[in-house]
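Structure, as structure tokens:
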Amino acid sequence: MTDLSAVDGTDRSALGHDVAQLMAVHDRCVRESRPALVTVVAHAGHGKTRTLDGLTRRVEVDGTLVLRASPTPGERQLAFAVIEQLLATPALEGPFRCRLQAQLNEIAAATPQLSSERPSFPIGTANGAPLREFFQVFAELAAQTPVMAIVDDFQDADPPSVELLLHIGRRLRHLPLMLVFAERPELMPAHPELRSRVVREATDHLRLSVVPDVSEYGLPADWLDISGGNPGLVRALVCDHLAGGRWPGDAFDTTVSGWVHSQDPLLVEVVSVLAASPASDRDTITRLVGIDRDTVDRALTFLAEGLPARPEPPLHPALAAAVLRALPADRRVRLHQDVARALYDSGAEGDLVVDQIVAAGHSDDEWAFALLWTAADRALAAGRLTTAMDLLRLGLRGKVTDRQRARALVAFARIEYRNNPAGARRYFGRMVEAALNGHCEDRDLSATVKYLLWHGAYGPAARVLDFWCTAVADGRRPACEEVRKTVAWSRFSHFQLVEMVPSMAAIGPAPGAAVTQRLLGIQAVSNVVAGAPAQPWISDAEQILRHSRLSDDPSLGASLEPLQGAILTLLYAGRLDLAAQRADELMARVASLDAVTWLAAVSSVRAEIAVRRGEPQLAVNYARRALKLIDNESWGVMIGLPLASLVHGLIETGQHEEVARTLAVPVPDVLFGSRPGLIYLGARAAAAAAQEDWHGALRDYERCGTIMRNNGIDLPAVENWRTGAAWAHLRLGRPDLAVALVQELLELPGGDLPGVRGPALRVLAAAADQPKARLELLSEAVRLLSEESGSRLELSRALHDLSQAHQDVGQGSRSRMLAEQAARRRASSLAPVAPPDDTPAVAGAVATLSEAERRVAVLAATGNTNRAVADALFITVSTVEQHLTRIYRKLNVTRRRELTTKFRQELMAADAVGQRSS
């Protein structure tokens, strides 16, 4: 334990000043040979006892006999306990002690009226003789040497002792006797009348309240705000500062605890309410403590006197935290619960009430869950995921309905999904049960189906979706936007559900006026894939991407699917460059949020776009980024998308060993009943073709085609399997089959897109017998692929084939020119591309943090939990989460470990500079 005596110098000048004033009274008493009665008033921690110690040392040097007593609250009812302490002073000579003690015994025996019910000290014939003898002995003592009687904490003294000392002061009018009554003020004094008599009869008064000088210790700038100038608290702060480590630390806590356990219980109640709820007004305190307004005002005035540098509430957070730590745990819990109820009843802001429930650890009030849910919603929308989870768990500890419990379960899954989709699976069983029991709202049913499908849990997803669609068809639930959105997304991305859930057929498109942004994004991509005219849906996709916000509906957790659907609409409509631009913009928006899964999903879409644009290195970079952000288990069936893009990119960049390793990554068995499975089959077939395994390639291409045909989505916009299969047939010597596949392809909706028609014409050219026909077909392919939405790699291939065709007809000059163009195009497409830059310039990024953010970032980066950071900085966990949200955004990181790995050293360096400058 820290030794407070090591820092006595903090208030040396104040102590010297106070002792000097008391010495002046002492010198006058001795010089004029007449008694003096001095009251010394000092709040706890203001150095009262230390001042008396200094006075004792000074007067003893001058030969004054000092008698001292320090009563305790338990001695208030013990008659003459203070006098007996005074007589027990070692410096009192034995004969005098014996004579005075003997007379005191007779006085006590002759005063039968003394009792706890009647503590006054009557003087009469019964005790007159022993009193006169007691005064006589005391007079002989004072005549021999000046006497000073000091009663420290006289508010705890027994009344008979005080009255006897007052009698002595009146009787010995011509002797050097100095009585010092030092008190710590009480809100509700035990004997107010007796105290008033002492104050009236006193010759001098001294109040200790000087703020110590700590300039030599280099304390942090907020030392005065924390301590309120209370000398005891200041000394504790100095001790903690010299000891290092947590500041304020153990010495501060010990001092505050001592104050709490030594004060009037009523005052402790008031201070505890202020500590628990700094925003509490006088009316709140009145209700919670059960006292009148005047008493509250006296308590606040009393508190202000004890903290002279902080005359008004609220307490500093560090002092408030120390007060709460000093309370017993059960008392602290009840306090926060009582404050929460009082604030709720008074109509206070919900956040204030929630803070109290959080501090209490639970609430049995029926209104608590709704408040906690609202707070969790806001935390989730702001990216403070840990706070949202904690608030929901807290809500479930109280009284909740089945519907509220279901909402919380889905919210847990939603929060887990944003950064760790695999973690959401732990809630699936209870979510499905709640859904089938009718406890879920529409938005929670949508989320349940979504998370089940992500992980390929098609059986449970089908049961929930069938329950929902059947209820809509029967009129038991409305045909709302949520069910339409869920059905549309399921048909597009998880098409095997159509056969598993026949009741989906009952869910038609929404009327035009009922189509919102969230629904429009999914309807757009569904209609484009189904072969509808693309231009109207392209306009809708652009509108969605311009006007939708990721956090437009906090209660829904800001759905990403409509925005993904809008980008895929552009991609499948052949607007590749526009799709890339909008995906980059969306990625920048997502990167500013604490939503790793969203960033991984958008990165995967960006990789798919890069594949179709013929940018293999970019496809590799974004696919690897997506797979790095969340692990393979968390990807579920959606892993087919980044794996497919990675395989395509690796094939084109010649990394065939990496292709084999990528294809060796386990994928779920149910993958091939989803859109990611089709894309994956196409990539695996391309890998076989790159190894000239034409039979293997054809097997996967035809399997892909069979699945697409059987599920009514056999369109090149989803996966152009026919072109790959046609090349396999050509290499196997079956040109008729190749041509038949291509002609079939060109007749399908979307077959006229440059990215589809251009490669198909290359197949027809390769199968053509006549050189002129090849030239015409390849020239048309080059023209199509040269457009904005063409593939750069496919263009280089078409140019190469066209060069060879000109060579075959003897046009060598033209052939060489086209060959050079083809080489340049291919080299440009295969040029190295830097991976996505997830790390800004470190020093510049750290410099953008505010001082408060820097402190939080340093503690977080060095391994402290949010609770530990909050305790160290005397702020709430919610405030820590808010700071971390801004820190992550400024430093462009998405998780805590990135803060440690990328910025720890720079944060420590910046913190050191910041501390020196402060």
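Every chain in the structure tokens has a letter given in the order shown (A, B, ...), and although residue numbers restart at 1 in each chain, ligands are simply numbered from 1 in the order shown.
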For stretch 354-387 of chain A versus stretch 862-869 of chain A, which residues have an atom no more than 12 Å away, and what is each residue's nearest atom pair and distance in Å rounded to one decimal, using only C-alpha atoms, chain-then-number order, as JSON lines?
```
{"residue": "A:Ala359", "atom": "CA", "partner": "A:Arg867", "partner_atom": "CA", "distance": 11.8}
{"residue": "A:Arg384", "atom": "CA", "partner": "A:Asn866", "partner_atom": "CA", "distance": 11.2}
{"residue": "A:Leu385", "atom": "CA", "partner": "A:Asn866", "partner_atom": "CA", "distance": 11.9}
{"residue": "A:Thr386", "atom": "CA", "partner": "A:Asn866", "partner_atom": "CA", "distance": 9.0}
{"residue": "A:Thr387", "atom": "CA", "partner": "A:Asn866", "partner_atom": "CA", "distance": 9.6}
```
Include N, CA and C atoms and write out the residues we just selected as a PDB file, in the first residue's frame.
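That gives us again_28.pdb:
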```
ATOM      1  N   ALA A 359     -25.080  -0.276 -15.538  1.00  0.00           N
ATOM      2  CA  ALA A 359     -24.257  -0.270 -14.322  1.00  0.00           C
ATOM      3  C   ALA A 359     -24.794  -1.253 -13.286  1.00  0.00           C
ATOM      4  N   ARG A 384     -21.048   0.016 -33.239  1.00  0.00           N
ATOM      5  CA  ARG A 384     -20.543  -0.383 -31.918  1.00  0.00           C
ATOM      6  C   ARG A 384     -21.157  -1.744 -31.569  1.00  0.00           C
ATOM      7  N   LEU A 385     -20.583  -2.765 -32.160  1.00  0.00           N
ATOM      8  CA  LEU A 385     -21.197  -4.088 -32.107  1.00  0.00           C
ATOM      9  C   LEU A 385     -21.145  -4.704 -30.713  1.00  0.00           C
ATOM     10  N   THR A 386     -20.008  -4.560 -30.034  1.00  0.00           N
ATOM     11  CA  THR A 386     -19.890  -5.134 -28.689  1.00  0.00           C
ATOM     12  C   THR A 386     -20.917  -4.523 -27.751  1.00  0.00           C
ATOM     13  N   THR A 387     -21.085  -3.216 -27.844  1.00  0.00           N
ATOM     14  CA  THR A 387     -22.084  -2.550 -27.012  1.00  0.00           C
ATOM     15  C   THR A 387     -23.477  -3.070 -27.316  1.00  0.00           C
TER      16      THR A 387
END
```
Enumerate, as an MDAnalysis selection string, the complete set of residues in stretch 188-369 of chain A that a backbone-based DSSP assignment places in alpha helix (DSSP H). chainID A and resid 192:201 223:227 231:243 250:260 265:276 282:289 293:306 317:326 329:345 350:360 368:369
Give the answer as one residue: which of A:Ala601, A:Ile83, A:Leu300, A:Ala686 has the shortest atom-to-atom distance to A:Trp635, using only C-alpha atoms?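 So, comparing all the options, the nearest one is A:Ala601.
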What's the 10 Å shell around A:Arg816, counting only C-alpha atoms, without same-chain residues fewer than 2 positions away, as a list of chain:residue names? A:His800, A:Ser803, A:Gln804, A:His806, A:Gln807, A:Gln811, A:Gly812, A:Ser813, A:Arg814, A:Leu818, A:Ala819, A:Glu820, A:Gln821, A:Ala822
Would you export the selected residues with C-alpha atoms as a PDB file, in the first residue's frame, please?
```pdb
ATOM      1  CA  HIS A 800      -4.682 -12.457 -81.820  1.00  0.00           C
ATOM      2  CA  SER A 803      -4.084 -11.456 -86.756  1.00  0.00           C
ATOM      3  CA  GLN A 804      -3.792 -15.155 -87.494  1.00  0.00           C
ATOM      4  CA  HIS A 806      -5.091 -12.147 -91.852  1.00  0.00           C
ATOM      5  CA  GLN A 807      -1.880 -14.142 -91.897  1.00  0.00           C
ATOM      6  CA  GLN A 811      -2.080 -10.065 -95.338  1.00  0.00           C
ATOM      7  CA  GLY A 812       1.167 -10.139 -93.372  1.00  0.00           C
ATOM      8  CA  SER A 813       1.404  -6.422 -92.681  1.00  0.00           C
ATOM      9  CA  ARG A 814      -2.099  -6.260 -91.288  1.00  0.00           C
ATOM     10  CA  LEU A 818      -2.932  -6.761 -85.117  1.00  0.00           C
ATOM     11  CA  ALA A 819      -0.495  -9.107 -83.379  1.00  0.00           C
ATOM     12  CA  GLU A 820       1.278  -6.120 -81.833  1.00  0.00           C
ATOM     13  CA  GLN A 821      -2.065  -4.737 -80.665  1.00  0.00           C
ATOM     14  CA  ALA A 822      -2.991  -8.092 -79.189  1.00  0.00           C
TER      15      ALA A 822
END
```
What lies within 10 Å of A:Arg731 using only C-alpha atoms, ignoring chain neighbours under 3 positions off, as a VMD selection string? chain A and resid 689 692 to 695 725 to 728 734 to 735 738
Residues from the last selection, all heavy atoms, saved as an mmCIF file, in the first residue's frame:
```
data_model
loop_
_atom_site.group_PDB
_atom_site.id
_atom_site.type_symbol
_atom_site.label_atom_id
_atom_site.label_comp_id
_atom_site.auth_asym_id
_atom_site.auth_seq_id
_atom_site.Cartn_x
_atom_site.Cartn_y
_atom_site.Cartn_z
ATOM 1 N N ALA A 689 -9.829 -26.781 -68.432
ATOM 2 C CA ALA A 689 -9.513 -26.416 -69.812
ATOM 3 C C ALA A 689 -8.095 -25.862 -69.920
ATOM 4 O O ALA A 689 -7.388 -26.126 -70.902
ATOM 5 C CB ALA A 689 -10.525 -25.396 -70.319
ATOM 6 N N GLU A 692 -5.823 -28.407 -70.419
ATOM 7 C CA GLU A 692 -6.208 -29.194 -71.580
ATOM 8 C C GLU A 692 -6.902 -30.507 -71.207
ATOM 9 O O GLU A 692 -6.873 -31.497 -71.954
ATOM 10 C CB GLU A 692 -5.000 -29.457 -72.502
ATOM 11 C CG GLU A 692 -4.403 -28.179 -73.056
ATOM 12 C CD GLU A 692 -3.308 -28.436 -74.079
ATOM 13 O OE1 GLU A 692 -2.978 -29.614 -74.330
ATOM 14 O OE2 GLU A 692 -2.800 -27.454 -74.635
ATOM 15 N N ASP A 693 -7.550 -30.499 -70.064
ATOM 16 C CA ASP A 693 -8.401 -31.622 -69.665
ATOM 17 C C ASP A 693 -9.794 -31.309 -70.187
ATOM 18 O O ASP A 693 -10.698 -30.893 -69.460
ATOM 19 C CB ASP A 693 -8.400 -31.758 -68.133
ATOM 20 C CG ASP A 693 -9.345 -32.857 -67.647
ATOM 21 O OD1 ASP A 693 -9.848 -33.642 -68.495
ATOM 22 O OD2 ASP A 693 -9.593 -32.908 -66.429
ATOM 23 N N TRP A 694 -9.994 -31.536 -71.489
ATOM 24 C CA TRP A 694 -11.218 -31.088 -72.135
ATOM 25 C C TRP A 694 -12.432 -31.886 -71.689
ATOM 26 O O TRP A 694 -13.543 -31.341 -71.589
ATOM 27 C CB TRP A 694 -11.057 -31.156 -73.646
ATOM 28 C CG TRP A 694 -9.908 -30.308 -74.106
ATOM 29 C CD1 TRP A 694 -8.723 -30.729 -74.606
ATOM 30 C CD2 TRP A 694 -9.847 -28.880 -74.047
ATOM 31 N NE1 TRP A 694 -7.896 -29.657 -74.884
ATOM 32 C CE2 TRP A 694 -8.583 -28.497 -74.544
ATOM 33 C CE3 TRP A 694 -10.728 -27.877 -73.637
ATOM 34 C CZ2 TRP A 694 -8.185 -27.188 -74.636
ATOM 35 C CZ3 TRP A 694 -10.335 -26.556 -73.736
ATOM 36 C CH2 TRP A 694 -9.075 -26.214 -74.227
ATOM 37 N N HIS A 695 -12.233 -33.137 -71.390
ATOM 38 C CA HIS A 695 -13.355 -33.938 -70.895
ATOM 39 C C HIS A 695 -13.791 -33.442 -69.508
ATOM 40 O O HIS A 695 -14.995 -33.337 -69.236
ATOM 41 C CB HIS A 695 -12.959 -35.414 -70.846
ATOM 42 C CG HIS A 695 -12.829 -36.041 -72.187
ATOM 43 N ND1 HIS A 695 -13.910 -36.327 -72.986
ATOM 44 C CD2 HIS A 695 -11.718 -36.425 -72.891
ATOM 45 C CE1 HIS A 695 -13.505 -36.859 -74.124
ATOM 46 N NE2 HIS A 695 -12.161 -36.939 -74.096
ATOM 47 N N ALA A 725 -18.053 -24.669 -72.962
ATOM 48 C CA ALA A 725 -18.339 -26.026 -73.446
ATOM 49 C C ALA A 725 -18.085 -26.131 -74.943
ATOM 50 O O ALA A 725 -17.614 -27.176 -75.446
ATOM 51 C CB ALA A 725 -19.791 -26.388 -73.113
ATOM 52 N N ALA A 726 -18.389 -25.053 -75.680
ATOM 53 C CA ALA A 726 -18.156 -25.065 -77.130
ATOM 54 C C ALA A 726 -16.669 -25.208 -77.448
ATOM 55 O O ALA A 726 -16.279 -25.965 -78.354
ATOM 56 C CB ALA A 726 -18.720 -23.789 -77.751
ATOM 57 N N TRP A 727 -15.835 -24.490 -76.699
ATOM 58 C CA TRP A 727 -14.381 -24.631 -76.910
ATOM 59 C C TRP A 727 -13.940 -26.062 -76.604
ATOM 60 O O TRP A 727 -13.080 -26.622 -77.309
ATOM 61 C CB TRP A 727 -13.618 -23.649 -76.021
ATOM 62 C CG TRP A 727 -13.547 -22.258 -76.567
ATOM 63 C CD1 TRP A 727 -14.135 -21.150 -76.076
ATOM 64 C CD2 TRP A 727 -12.833 -21.836 -77.743
ATOM 65 N NE1 TRP A 727 -13.855 -20.052 -76.836
ATOM 66 C CE2 TRP A 727 -13.043 -20.446 -77.885
ATOM 67 C CE3 TRP A 727 -12.064 -22.509 -78.704
ATOM 68 C CZ2 TRP A 727 -12.502 -19.703 -78.932
ATOM 69 C CZ3 TRP A 727 -11.510 -21.754 -79.748
ATOM 70 C CH2 TRP A 727 -11.722 -20.385 -79.860
ATOM 71 N N ALA A 728 -14.499 -26.665 -75.570
ATOM 72 C CA ALA A 728 -14.139 -28.047 -75.250
ATOM 73 C C ALA A 728 -14.518 -28.977 -76.397
ATOM 74 O O ALA A 728 -13.743 -29.875 -76.787
ATOM 75 C CB ALA A 728 -14.826 -28.474 -73.962
ATOM 76 N N ARG A 734 -15.280 -31.826 -82.210
ATOM 77 C CA ARG A 734 -16.723 -31.882 -82.445
ATOM 78 C C ARG A 734 -17.257 -30.477 -82.752
ATOM 79 O O ARG A 734 -17.991 -29.881 -81.955
ATOM 80 C CB ARG A 734 -17.425 -32.467 -81.224
ATOM 81 C CG ARG A 734 -17.051 -33.931 -80.982
ATOM 82 C CD ARG A 734 -17.733 -34.487 -79.758
ATOM 83 N NE ARG A 734 -17.090 -34.054 -78.519
ATOM 84 C CZ ARG A 734 -17.101 -34.767 -77.382
ATOM 85 N NH1 ARG A 734 -17.707 -35.942 -77.348
ATOM 86 N NH2 ARG A 734 -16.506 -34.327 -76.318
ATOM 87 N N PRO A 735 -16.845 -29.929 -83.924
ATOM 88 C CA PRO A 735 -17.229 -28.545 -84.243
ATOM 89 C C PRO A 735 -18.735 -28.365 -84.389
ATOM 90 O O PRO A 735 -19.253 -27.282 -84.077
ATOM 91 C CB PRO A 735 -16.498 -28.274 -85.559
ATOM 92 C CG PRO A 735 -16.228 -29.626 -86.147
ATOM 93 C CD PRO A 735 -16.017 -30.541 -84.982
ATOM 94 N N ALA A 738 -20.137 -27.667 -81.089
ATOM 95 C CA ALA A 738 -19.704 -26.341 -80.638
ATOM 96 C C ALA A 738 -20.556 -25.256 -81.280
ATOM 97 O O ALA A 738 -21.045 -24.326 -80.611
ATOM 98 C CB ALA A 738 -18.228 -26.126 -80.966
#
```
Atom CA of A:Arg757 and atom CA of A:Leu802, how far apart in Å?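 Result for atom CA of A:Leu802 versus atom CA of A:Arg757: 15.8 Å, one decimal.
Between atom CA of A:Thr879 and atom CA of A:Ala447 there is a distance of 28.8 Å.
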A:Ala422, A:Leu777, A:Leu141, A:Ala129 ranked by distance to A:Gly94, top pick (using only C-alpha atoms):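 Comparing A:Ala422, A:Leu777, A:Leu141, A:Ala129 against A:Gly94, the winner is A:Leu141.
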Might you pull out every residue within 10 Å of A:Pro185, with only C-alpha atoms counted and same-chain residues fewer than 3 positions away left off, and present them as a list in words? Val41, Ala42, His43, Ala44, Asp153, Phe154, Gln155, Ala182, Met188, Pro189, Gln263, Asp264, Phe302, Glu305 and Gly306 of chain A
If we count only C-alpha atoms and set the cut-off at 8 Å, which residues sit around A:Trp468, ignoring sequence neighbours fewer than 6 positions away in its own chain? Please answer as a PyMOL selection string. chain A and resi 445+477+483
The selected residues should be written to file as a PDB file, in the first residue's frame (atoms: C-alpha atoms).
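Full text of selection-v3.pdb as output:
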```pdb
ATOM      1  CA  LEU A 445     -38.089 -13.784 -40.529  1.00  0.00           C
ATOM      2  CA  ARG A 477     -49.602 -12.294 -42.391  1.00  0.00           C
ATOM      3  CA  VAL A 483     -41.379 -11.343 -47.747  1.00  0.00           C
TER       4      VAL A 483
END
```
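With only C-alpha atoms as the basis for measurement, A:Arg418 is the residue among A:Arg491, A:Arg575, A:Arg418, A:His648 that approaches A:Arg895 most closely.
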DSSP strand (DSSP E) residues within stretch 113-295 of chain A, listed as JSON, numbers by chain: {"A": [147, 148, 149, 150, 151, 152, 177, 178, 179, 180, 181, 182, 183, 204, 205, 206, 207]}
